[in-house]
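Have a look at entry_17.cif; it's mmCIF, C-alpha atoms and all ligand atoms:
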```
data_my_file
#
loop_
_atom_site.label_atom_id
_atom_site.label_comp_id
_atom_site.auth_asym_id
_atom_site.auth_seq_id
_atom_site.Cartn_x
_atom_site.Cartn_y
_atom_site.Cartn_z
CA MET A 1 -23.36 -29.82 -2.45
CA ASN A 2 -24.82 -26.34 -2.53
CA GLU A 3 -22.46 -23.74 -1.10
CA ARG A 4 -24.86 -20.80 -1.03
CA LEU A 5 -27.36 -22.10 1.52
CA ILE A 6 -26.63 -21.81 5.24
CA VAL A 7 -29.16 -23.63 7.41
CA SER A 8 -29.64 -21.98 10.78
CA LEU A 9 -29.86 -24.66 13.49
CA ASP A 10 -32.02 -22.65 15.89
CA LEU A 11 -32.99 -25.68 17.95
CA SER A 12 -32.45 -26.61 21.59
CA ASP A 13 -32.69 -30.39 21.25
CA MET A 14 -29.46 -32.13 20.24
CA SER A 15 -31.14 -35.28 18.93
CA GLN A 16 -33.40 -33.16 16.74
CA ILE A 17 -30.33 -31.30 15.40
CA GLN A 18 -28.51 -34.56 14.67
CA ALA A 19 -31.56 -36.09 12.98
CA LEU A 20 -31.94 -32.98 10.80
CA VAL A 21 -28.26 -32.92 9.77
CA GLU A 22 -28.48 -36.64 8.91
CA LYS A 23 -31.65 -36.11 6.90
CA LEU A 24 -30.33 -33.12 4.95
CA ASN A 25 -27.09 -35.06 4.46
CA GLU A 26 -25.36 -34.09 1.18
CA ARG A 27 -27.83 -31.37 0.36
CA VAL A 28 -26.39 -28.91 2.88
CA LEU A 29 -22.73 -28.05 3.51
CA TYR A 30 -23.07 -24.95 5.72
CA TYR A 31 -24.79 -24.63 9.11
CA LYS A 32 -25.23 -21.59 11.31
CA ILE A 33 -24.77 -21.93 15.05
CA GLY A 34 -26.28 -18.97 16.84
CA ALA A 35 -27.19 -18.13 20.42
CA ILE A 36 -29.81 -20.89 20.79
CA PRO A 37 -27.74 -24.03 20.04
CA PHE A 38 -24.48 -22.54 21.34
CA THR A 39 -26.00 -21.62 24.70
CA HIS A 40 -27.49 -25.09 25.03
CA PHE A 41 -24.56 -27.17 23.82
CA GLY A 42 -21.42 -25.00 23.67
CA PRO A 43 -18.46 -25.94 21.45
CA GLU A 44 -19.69 -29.56 21.32
CA ILE A 45 -22.17 -28.61 18.60
CA VAL A 46 -19.37 -27.12 16.47
CA SER A 47 -17.23 -30.29 16.92
CA TYR A 48 -20.18 -32.44 15.92
CA LEU A 49 -20.66 -30.50 12.65
CA LYS A 50 -16.94 -30.42 11.89
CA GLN A 51 -16.73 -34.21 12.35
CA LYS A 52 -19.50 -34.49 9.78
CA GLY A 53 -17.37 -32.47 7.33
CA LYS A 54 -19.64 -29.42 7.50
CA ARG A 55 -18.79 -25.72 7.48
CA VAL A 56 -19.89 -23.59 10.41
CA MET A 57 -21.00 -19.97 10.68
CA LEU A 58 -20.66 -19.04 14.36
CA ASP A 59 -23.31 -16.36 14.73
CA LEU A 60 -22.81 -15.12 18.29
CA LYS A 61 -22.91 -11.49 17.15
CA TYR A 62 -20.20 -10.26 19.49
CA HIS A 63 -20.70 -6.67 20.64
CA ASP A 64 -18.39 -5.52 23.43
CA ILE A 65 -15.18 -3.57 24.02
CA PRO A 66 -12.40 -4.26 21.48
CA ASN A 67 -10.25 -6.52 23.69
CA THR A 68 -13.19 -8.71 24.73
CA VAL A 69 -14.40 -9.26 21.17
CA ALA A 70 -10.88 -9.86 19.81
CA ARG A 71 -10.14 -12.50 22.48
CA ALA A 72 -13.54 -14.15 21.86
CA CYS A 73 -12.65 -14.35 18.15
CA GLU A 74 -9.49 -16.24 19.11
CA GLY A 75 -11.67 -18.82 20.87
CA ALA A 76 -13.86 -19.12 17.78
CA ILE A 77 -10.77 -19.74 15.60
CA ARG A 78 -9.72 -22.55 17.95
CA MET A 79 -13.09 -24.22 17.42
CA GLY A 80 -12.35 -24.27 13.67
CA VAL A 81 -15.38 -22.28 12.53
CA ASP A 82 -15.51 -20.82 9.01
CA LEU A 83 -17.47 -17.59 9.53
CA ILE A 84 -17.68 -15.40 12.66
CA THR A 85 -20.14 -12.53 13.22
CA ILE A 86 -19.51 -9.35 15.21
CA HIS A 87 -21.70 -6.24 15.39
CA ALA A 88 -20.41 -3.53 13.04
CA SER A 89 -22.02 -0.99 15.40
CA GLY A 90 -19.41 -1.99 18.02
CA GLY A 91 -17.20 0.60 16.29
CA PHE A 92 -14.00 0.81 14.26
CA SER A 93 -11.53 -0.21 17.02
CA MET A 94 -13.58 -3.26 17.95
CA LEU A 95 -13.70 -4.30 14.30
CA GLU A 96 -10.01 -3.63 13.66
CA GLU A 97 -8.85 -5.49 16.80
CA SER A 98 -10.94 -8.47 15.78
CA VAL A 99 -9.47 -8.49 12.27
CA LYS A 100 -5.97 -8.47 13.81
CA ALA A 101 -6.89 -11.31 16.18
CA VAL A 102 -8.13 -13.40 13.27
CA LEU A 103 -5.03 -12.69 11.17
CA THR A 104 -2.60 -13.56 13.97
CA GLY A 105 -4.58 -16.39 15.56
CA SER A 106 -5.42 -18.36 12.41
CA GLY A 107 -3.44 -21.36 11.34
CA GLN A 108 -1.72 -21.77 14.71
CA GLU A 109 -3.40 -25.01 15.72
CA GLY A 110 -4.02 -26.39 12.28
CA THR A 111 -7.16 -24.30 11.87
CA GLY A 112 -7.90 -22.24 8.75
CA LYS A 113 -8.63 -18.52 8.66
CA PRO A 114 -12.31 -17.87 9.32
CA ARG A 115 -13.96 -14.95 7.57
CA LEU A 116 -15.20 -12.14 9.74
CA LEU A 117 -18.64 -10.66 9.06
CA GLY A 118 -20.15 -7.45 10.45
CA ILE A 119 -23.79 -7.47 11.49
CA THR A 120 -25.45 -4.32 10.12
CA VAL A 121 -29.10 -3.80 11.17
CA LEU A 122 -31.10 -6.85 12.27
CA THR A 123 -33.57 -8.08 9.66
CA SER A 124 -36.36 -8.08 12.26
CA ILE A 125 -36.24 -4.26 12.43
CA ASP A 126 -38.31 -2.20 9.99
CA GLU A 127 -37.99 1.48 9.09
CA ALA A 128 -40.64 2.67 11.59
CA TYR A 129 -39.13 0.76 14.50
CA PHE A 130 -35.63 1.83 13.45
CA SER A 131 -36.50 5.51 13.91
CA ASP A 132 -38.26 4.77 17.23
CA LEU A 133 -35.27 2.85 18.50
CA PHE A 134 -32.61 5.37 17.54
CA GLY A 135 -34.65 8.55 18.09
CA ASN A 136 -33.10 11.51 16.34
CA ILE A 137 -30.66 9.58 14.10
CA GLN A 138 -30.08 11.49 10.83
CA ARG A 139 -29.79 8.43 8.60
CA THR A 140 -32.54 6.20 7.23
CA LEU A 141 -32.31 2.48 7.95
CA ALA A 142 -30.83 1.82 4.49
CA GLU A 143 -28.24 4.60 4.96
CA GLN A 144 -27.30 3.15 8.33
CA VAL A 145 -26.75 -0.29 6.76
CA ILE A 146 -24.46 1.26 4.12
CA PHE A 147 -22.62 3.28 6.75
CA LEU A 148 -21.98 0.11 8.81
CA ALA A 149 -20.99 -1.92 5.72
CA GLN A 150 -18.42 0.74 4.77
CA LEU A 151 -17.14 0.88 8.34
CA ALA A 152 -16.75 -2.92 8.35
CA ARG A 153 -14.93 -2.84 5.02
CA SER A 154 -12.59 -0.06 6.10
CA ALA A 155 -11.67 -2.02 9.24
CA GLY A 156 -10.73 -5.04 7.08
CA LEU A 157 -13.72 -7.34 7.62
CA ASP A 158 -14.51 -9.87 4.89
CA GLY A 159 -18.17 -8.96 4.59
CA VAL A 160 -21.46 -8.23 6.30
CA VAL A 161 -24.75 -9.74 7.32
CA ALA A 162 -27.63 -7.61 6.01
CA SER A 163 -31.18 -7.89 4.77
CA PRO A 164 -31.58 -9.00 1.13
CA GLN A 165 -33.18 -5.64 0.45
CA GLU A 166 -29.78 -3.96 0.94
CA ILE A 167 -27.66 -6.27 -1.24
CA VAL A 168 -27.56 -4.00 -4.29
CA PRO A 169 -26.42 -0.78 -2.56
CA ILE A 170 -23.87 -2.73 -0.45
CA ARG A 171 -22.41 -4.28 -3.63
CA GLN A 172 -22.21 -0.84 -5.21
CA CYS A 173 -20.29 0.69 -2.33
CA CYS A 174 -18.22 -2.27 -1.13
CA GLY A 175 -17.40 -4.15 -4.36
CA ASP A 176 -17.68 -7.70 -5.67
CA ASP A 177 -15.18 -9.32 -3.33
CA PHE A 178 -17.06 -8.22 -0.19
CA LEU A 179 -19.18 -11.07 1.19
CA ILE A 180 -22.90 -10.44 1.65
CA VAL A 181 -24.75 -12.94 3.82
CA THR A 182 -28.51 -12.47 4.04
CA PRO A 183 -31.00 -13.82 6.55
CA GLY A 184 -34.60 -12.63 6.33
CA ILE A 185 -35.25 -15.12 3.55
CA ARG A 186 -38.70 -16.58 3.04
CA PRO A 187 -39.27 -19.12 0.23
CA GLU A 188 -41.75 -18.63 -2.59
CA GLY A 189 -45.26 -19.98 -2.22
CA GLY A 190 -48.29 -19.22 -0.12
CA GLY A 191 -48.63 -19.89 3.56
CA ILE A 192 -44.99 -19.23 4.47
CA SER A 193 -44.83 -17.29 7.72
CA GLN A 194 -42.71 -14.14 7.98
CA ASP A 195 -42.26 -14.96 11.70
CA ASP A 196 -40.43 -12.01 13.31
CA GLN A 197 -38.60 -11.04 10.11
CA ALA A 198 -39.44 -7.62 8.61
CA ARG A 199 -37.13 -7.00 5.60
CA THR A 200 -37.46 -10.20 3.58
CA MET A 201 -37.04 -11.59 0.05
CA THR A 202 -37.29 -15.04 -1.53
CA PRO A 203 -34.13 -17.17 -2.06
CA LYS A 204 -34.34 -16.59 -5.82
CA GLU A 205 -34.63 -12.81 -5.44
CA ALA A 206 -31.73 -12.68 -2.98
CA ILE A 207 -29.45 -14.69 -5.29
CA GLN A 208 -30.45 -12.54 -8.25
CA ALA A 209 -29.69 -9.41 -6.24
CA GLY A 210 -26.17 -10.77 -5.61
CA ALA A 211 -26.14 -12.49 -2.19
CA ASP A 212 -23.13 -14.75 -1.59
CA TYR A 213 -24.91 -16.81 1.06
CA ILE A 214 -28.49 -17.01 2.22
CA VAL A 215 -29.34 -18.01 5.80
CA ILE A 216 -32.58 -19.91 6.39
CA GLY A 217 -33.83 -21.23 9.71
CA ARG A 218 -37.50 -21.84 10.49
CA PRO A 219 -38.66 -22.47 6.89
CA ILE A 220 -36.39 -25.57 7.06
CA VAL A 221 -35.93 -26.53 10.71
CA LYS A 222 -39.52 -26.00 11.86
CA VAL A 223 -41.47 -27.68 9.07
CA ALA A 224 -42.84 -31.22 8.82
CA ASP A 225 -40.70 -32.13 5.78
CA PRO A 226 -37.34 -30.33 5.95
CA VAL A 227 -35.91 -32.32 3.03
CA ALA A 228 -38.69 -31.22 0.67
CA ALA A 229 -38.40 -27.63 1.96
CA THR A 230 -34.62 -27.66 1.37
CA GLU A 231 -34.98 -29.11 -2.12
CA ALA A 232 -37.50 -26.42 -3.06
CA ILE A 233 -35.15 -23.71 -1.74
CA LEU A 234 -32.17 -25.21 -3.60
CA LYS A 235 -34.22 -25.12 -6.78
CA GLU A 236 -35.03 -21.46 -6.19
CA ILE A 237 -31.29 -20.76 -5.70
CA GLU A 238 -30.52 -22.51 -9.01
CA ASP A 239 -33.24 -20.53 -10.78
CA GLY A 240 -31.79 -17.34 -9.34
CA HIS A 241 -28.38 -18.26 -10.76
CA ARG A 242 -29.80 -19.06 -14.16
CA LYS A 243 -31.43 -15.65 -14.34
CA THR A 244 -28.21 -13.85 -13.34
CA ALA A 245 -25.94 -15.92 -15.64
O1 LIG B 301 -35.78 -18.69 11.08
P1 LIG B 301 -35.15 -17.62 10.26
O2 LIG B 301 -34.96 -18.02 8.79
O3 LIG B 301 -35.83 -16.28 10.39
O4 LIG B 301 -33.69 -17.48 10.88
C1 LIG B 301 -32.77 -16.46 10.53
C2 LIG B 301 -31.52 -16.62 11.35
O5 LIG B 301 -30.63 -15.57 11.00
C3 LIG B 301 -31.73 -16.51 12.86
O6 LIG B 301 -30.84 -17.43 13.47
C4 LIG B 301 -31.32 -15.12 13.22
O7 LIG B 301 -30.72 -15.05 14.49
C5 LIG B 301 -30.28 -14.81 12.14
N1 LIG B 301 -30.11 -13.40 11.79
C6 LIG B 301 -31.16 -12.60 11.34
N2 LIG B 301 -30.95 -11.28 11.03
C7 LIG B 301 -29.72 -10.76 11.12
C8 LIG B 301 -28.64 -11.55 11.54
C9 LIG B 301 -28.88 -12.88 11.85
O8 LIG B 301 -32.30 -13.10 11.23
N3 LIG B 301 -29.50 -9.51 10.74
#
```
Mind turning the file's structure into C-alpha cells?
Amino acid sequence: MNERLIVSLDLSDMSQIQALVEKLNERVLYYKIGAIPFTHFGPEIVSYLKQKGKRVMLDLKYHDIPNTVARACEGAIRMGVDLITIHASGGFSMLEESVKAVLTGSGQEGTGKPRLLGITVLTSIDEAYFSDLFGNIQRTLAEQVIFLAQLARSAGLDGVVASPQEIVPIRQCCGDDFLIVTPGIRPEGGGISQDDQARTMTPKEAIQAGADYIVIGRPIVKVADPVAATEAILKEIEDGHRKTA
C-alpha cells in the first residue's frame, strides 16, 4: 500500500465517502479529514477510517490562543489520528504548547503519538494576493513560508504543510527529518482543473522535489473513475521515486 499518497475526503455524503474508501481499498492507506467531513460527521468519520485500518490526517488547521489549540490537540490524540495540523502563523507559544500537549497526552489511552504539522501559507494564495492580503509585509510569499517552517521547527513540530513549490528551500533550511506534506497537487495530463489552487505541481514533480506526503482531493474524489485516477497518480509517484533513486 502506498504510504506517500493522502486522499483528501472533502465530501459531505457519508455513503459516498464509504463507497470511495471501499473502492480504493488497498491502494490507499492515508486519508485526510478536513473541515468538510469533520463538520458534517464529527469523530465518527475518524472511527470509521480507523476501523478500516487506515491512517488519518486531521486537517482542522487550528489557529487560536495557545491553551485552546493545545487542549484541542488532546482531543485529536484521543481520536487516534496520525497527523494533526495547526497554523504556524498562530505563533511560537501556540506551537510550543501544542507540542507539549502531544508529548504528554500521547499513549495515555492506548493511542500512538500523532505528528504535528504547521500550516505555512495556503496553496490557494498566489504572490499577488499574498501582498494584497498582508499589505506592507517585508517578506515575499516564499520567504514567509520559510520563516513559518523555521518557526514550526524551532517550536518542536514534526513538519509543515506547504506548496510543492517550496519543498526544496524548506528541505535546505529544516533538514531531511522534517516532514513536508504538500497539497496543491494536480496530476499530469490535459484537462485537469486547477480548481482554486494557485501554487501547484504534478505528483511526480513533488516527489522528485522531496515531498514526504502528497495530498490530493478533487482529482480523485470528484472524478467519474476514482480508481483509475488513483492508479495513474500512484504510477506518477513511482516514476518520481525512480528518478530520485
Ligand atoms: O481538491 P484538492 O486536491 O485541491 O484538495 C487539497 C486539500 O488540501 C483540501 O482539503 C485543502 O483544504 C487542503 N489544503 C490545501 N492547502 C493547504 C493546506 C491544506 O489545499 N496549504
When the cut-off is 9 Å and you count all atoms listed in the file, which residues lie near ligand LIG 301 (chain B), shown as a PyMOL selection string? chain A and resi 7-10+32-36+59-61+85+119-125+161-163+181-186+194-197+215-222
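Summary of the local environment: counting only C-alpha atoms, residues at most 7 Å from region 62-65 of chain A, other than itself and those fewer than 4 positions away along its chain, are Val69, Thr85, Ile86, His87, Gly90 and Met94 of chain A.
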>> I'd like the contact shell of region 225-233 of chain A - 9 Å cut-off, only C-alpha atoms, skipping same-chain residues fewer than 5 positions apart - returned as a PyMOL selection string.
In response: chain A and resi 5+20+23-24+27-28+187-188+202-204+219-220+238
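Nearest residue to Tyr30 (chain A), choosing from A:Gly75, A:Ser193, A:Tyr213, A:Asp239 and counting all atoms listed in the file: A:Tyr213.
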**Asked** With all atoms listed in the file as the basis for distance, which of A:Gly210, A:Gly118, A:Pro37, A:Gly189 is at the shortest distance from Gly159 (chain A)?
**Response**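 Distance minimum relative to Gly159 (chain A) lands on A:Gly118.
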Self-check item: Which residue of A:Ser154, A:Thr104, A:Gln16, A:Ser89 approaches Ile77 (chain A) most closely, using all atoms listed in the file
Solution: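 Answer, going by the shortest atom-to-atom distance: A:Thr104.
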Using all atoms listed in the file, which residues sit within 12 Å of Arg171 (chain A) once same-chain residues fewer than 5 positions away are excluded, as a PDB file with C-alpha atoms, in the coordinates of the input?
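Output file selection.pdb is given in full below:
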```
ATOM      1  CA  VAL A 145     -26.750  -0.290   6.760  1.00  0.00           C
ATOM      2  CA  ILE A 146     -24.460   1.260   4.120  1.00  0.00           C
ATOM      3  CA  ALA A 149     -20.990  -1.920   5.720  1.00  0.00           C
ATOM      4  CA  GLN A 150     -18.420   0.740   4.770  1.00  0.00           C
ATOM      5  CA  ARG A 153     -14.930  -2.840   5.020  1.00  0.00           C
ATOM      6  CA  GLY A 159     -18.170  -8.960   4.590  1.00  0.00           C
ATOM      7  CA  VAL A 160     -21.460  -8.230   6.300  1.00  0.00           C
ATOM      8  CA  ALA A 162     -27.630  -7.610   6.010  1.00  0.00           C
ATOM      9  CA  PRO A 164     -31.580  -9.000   1.130  1.00  0.00           C
ATOM     10  CA  GLN A 165     -33.180  -5.640   0.450  1.00  0.00           C
ATOM     11  CA  GLU A 166     -29.780  -3.960   0.940  1.00  0.00           C
ATOM     12  CA  ASP A 176     -17.680  -7.700  -5.670  1.00  0.00           C
ATOM     13  CA  ASP A 177     -15.180  -9.320  -3.330  1.00  0.00           C
ATOM     14  CA  PHE A 178     -17.060  -8.220  -0.190  1.00  0.00           C
ATOM     15  CA  LEU A 179     -19.180 -11.070   1.190  1.00  0.00           C
ATOM     16  CA  ILE A 180     -22.900 -10.440   1.650  1.00  0.00           C
ATOM     17  CA  VAL A 181     -24.750 -12.940   3.820  1.00  0.00           C
ATOM     18  CA  ALA A 209     -29.690  -9.410  -6.240  1.00  0.00           C
ATOM     19  CA  GLY A 210     -26.170 -10.770  -5.610  1.00  0.00           C
ATOM     20  CA  ALA A 211     -26.140 -12.490  -2.190  1.00  0.00           C
ATOM     21  CA  ASP A 212     -23.130 -14.750  -1.590  1.00  0.00           C
TER      22      ASP A 212
END
```
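Counting all atoms listed in the file, the residue from A:Gly80, A:Gly175, A:Pro66, A:Gly53 that sits nearest to Ser98 (chain A) is A:Pro66.
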Note to self: Nearest residue to Lys52 (chain A) out of A:Leu29, A:Ala142, A:Ala70, A:Ala76, using all atoms listed in the file?
What the structure shows: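 Answer, going by the shortest atom-to-atom distance: A:Leu29.
Coordinates place CA of Leu116 (chain A) at a distance of 14.5 Å from CA of Met79 (chain A).
Of the residues under consideration (A:Glu74, A:Arg55, A:Leu141, A:Glu26), A:Glu74 shows the shortest atom-to-atom contact distance to Gly107 (chain A) when counting all atoms listed in the file.
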Could you give me the axis-aligned bounding box of region 151-157 of chain A, with 3 Å of padding per side, as centre plus edge lengths in Å to one decimal, as AutoDock Vina command-line options?
```
--center_x -13.9 --center_y -3.2 --center_z 7.1 --size_x 12.4 --size_y 14.2 --size_z 10.2
```
* Asked: Hey, can you check how far CA of Leu49 (chain A) sits from CA of Asp13 (chain A)?
  ->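 Computing the Euclidean distance for CA of Leu49 (chain A) and CA of Asp13 (chain A) yields 14.8 Å.
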Exercise for the section: Grab the CA of Gly156 (chain A) to CA of Val99 (chain A) distance for me, in Å with one decimal place. Expected result: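 Separation of CA of Gly156 (chain A) and CA of Val99 (chain A): 6.4 Å.
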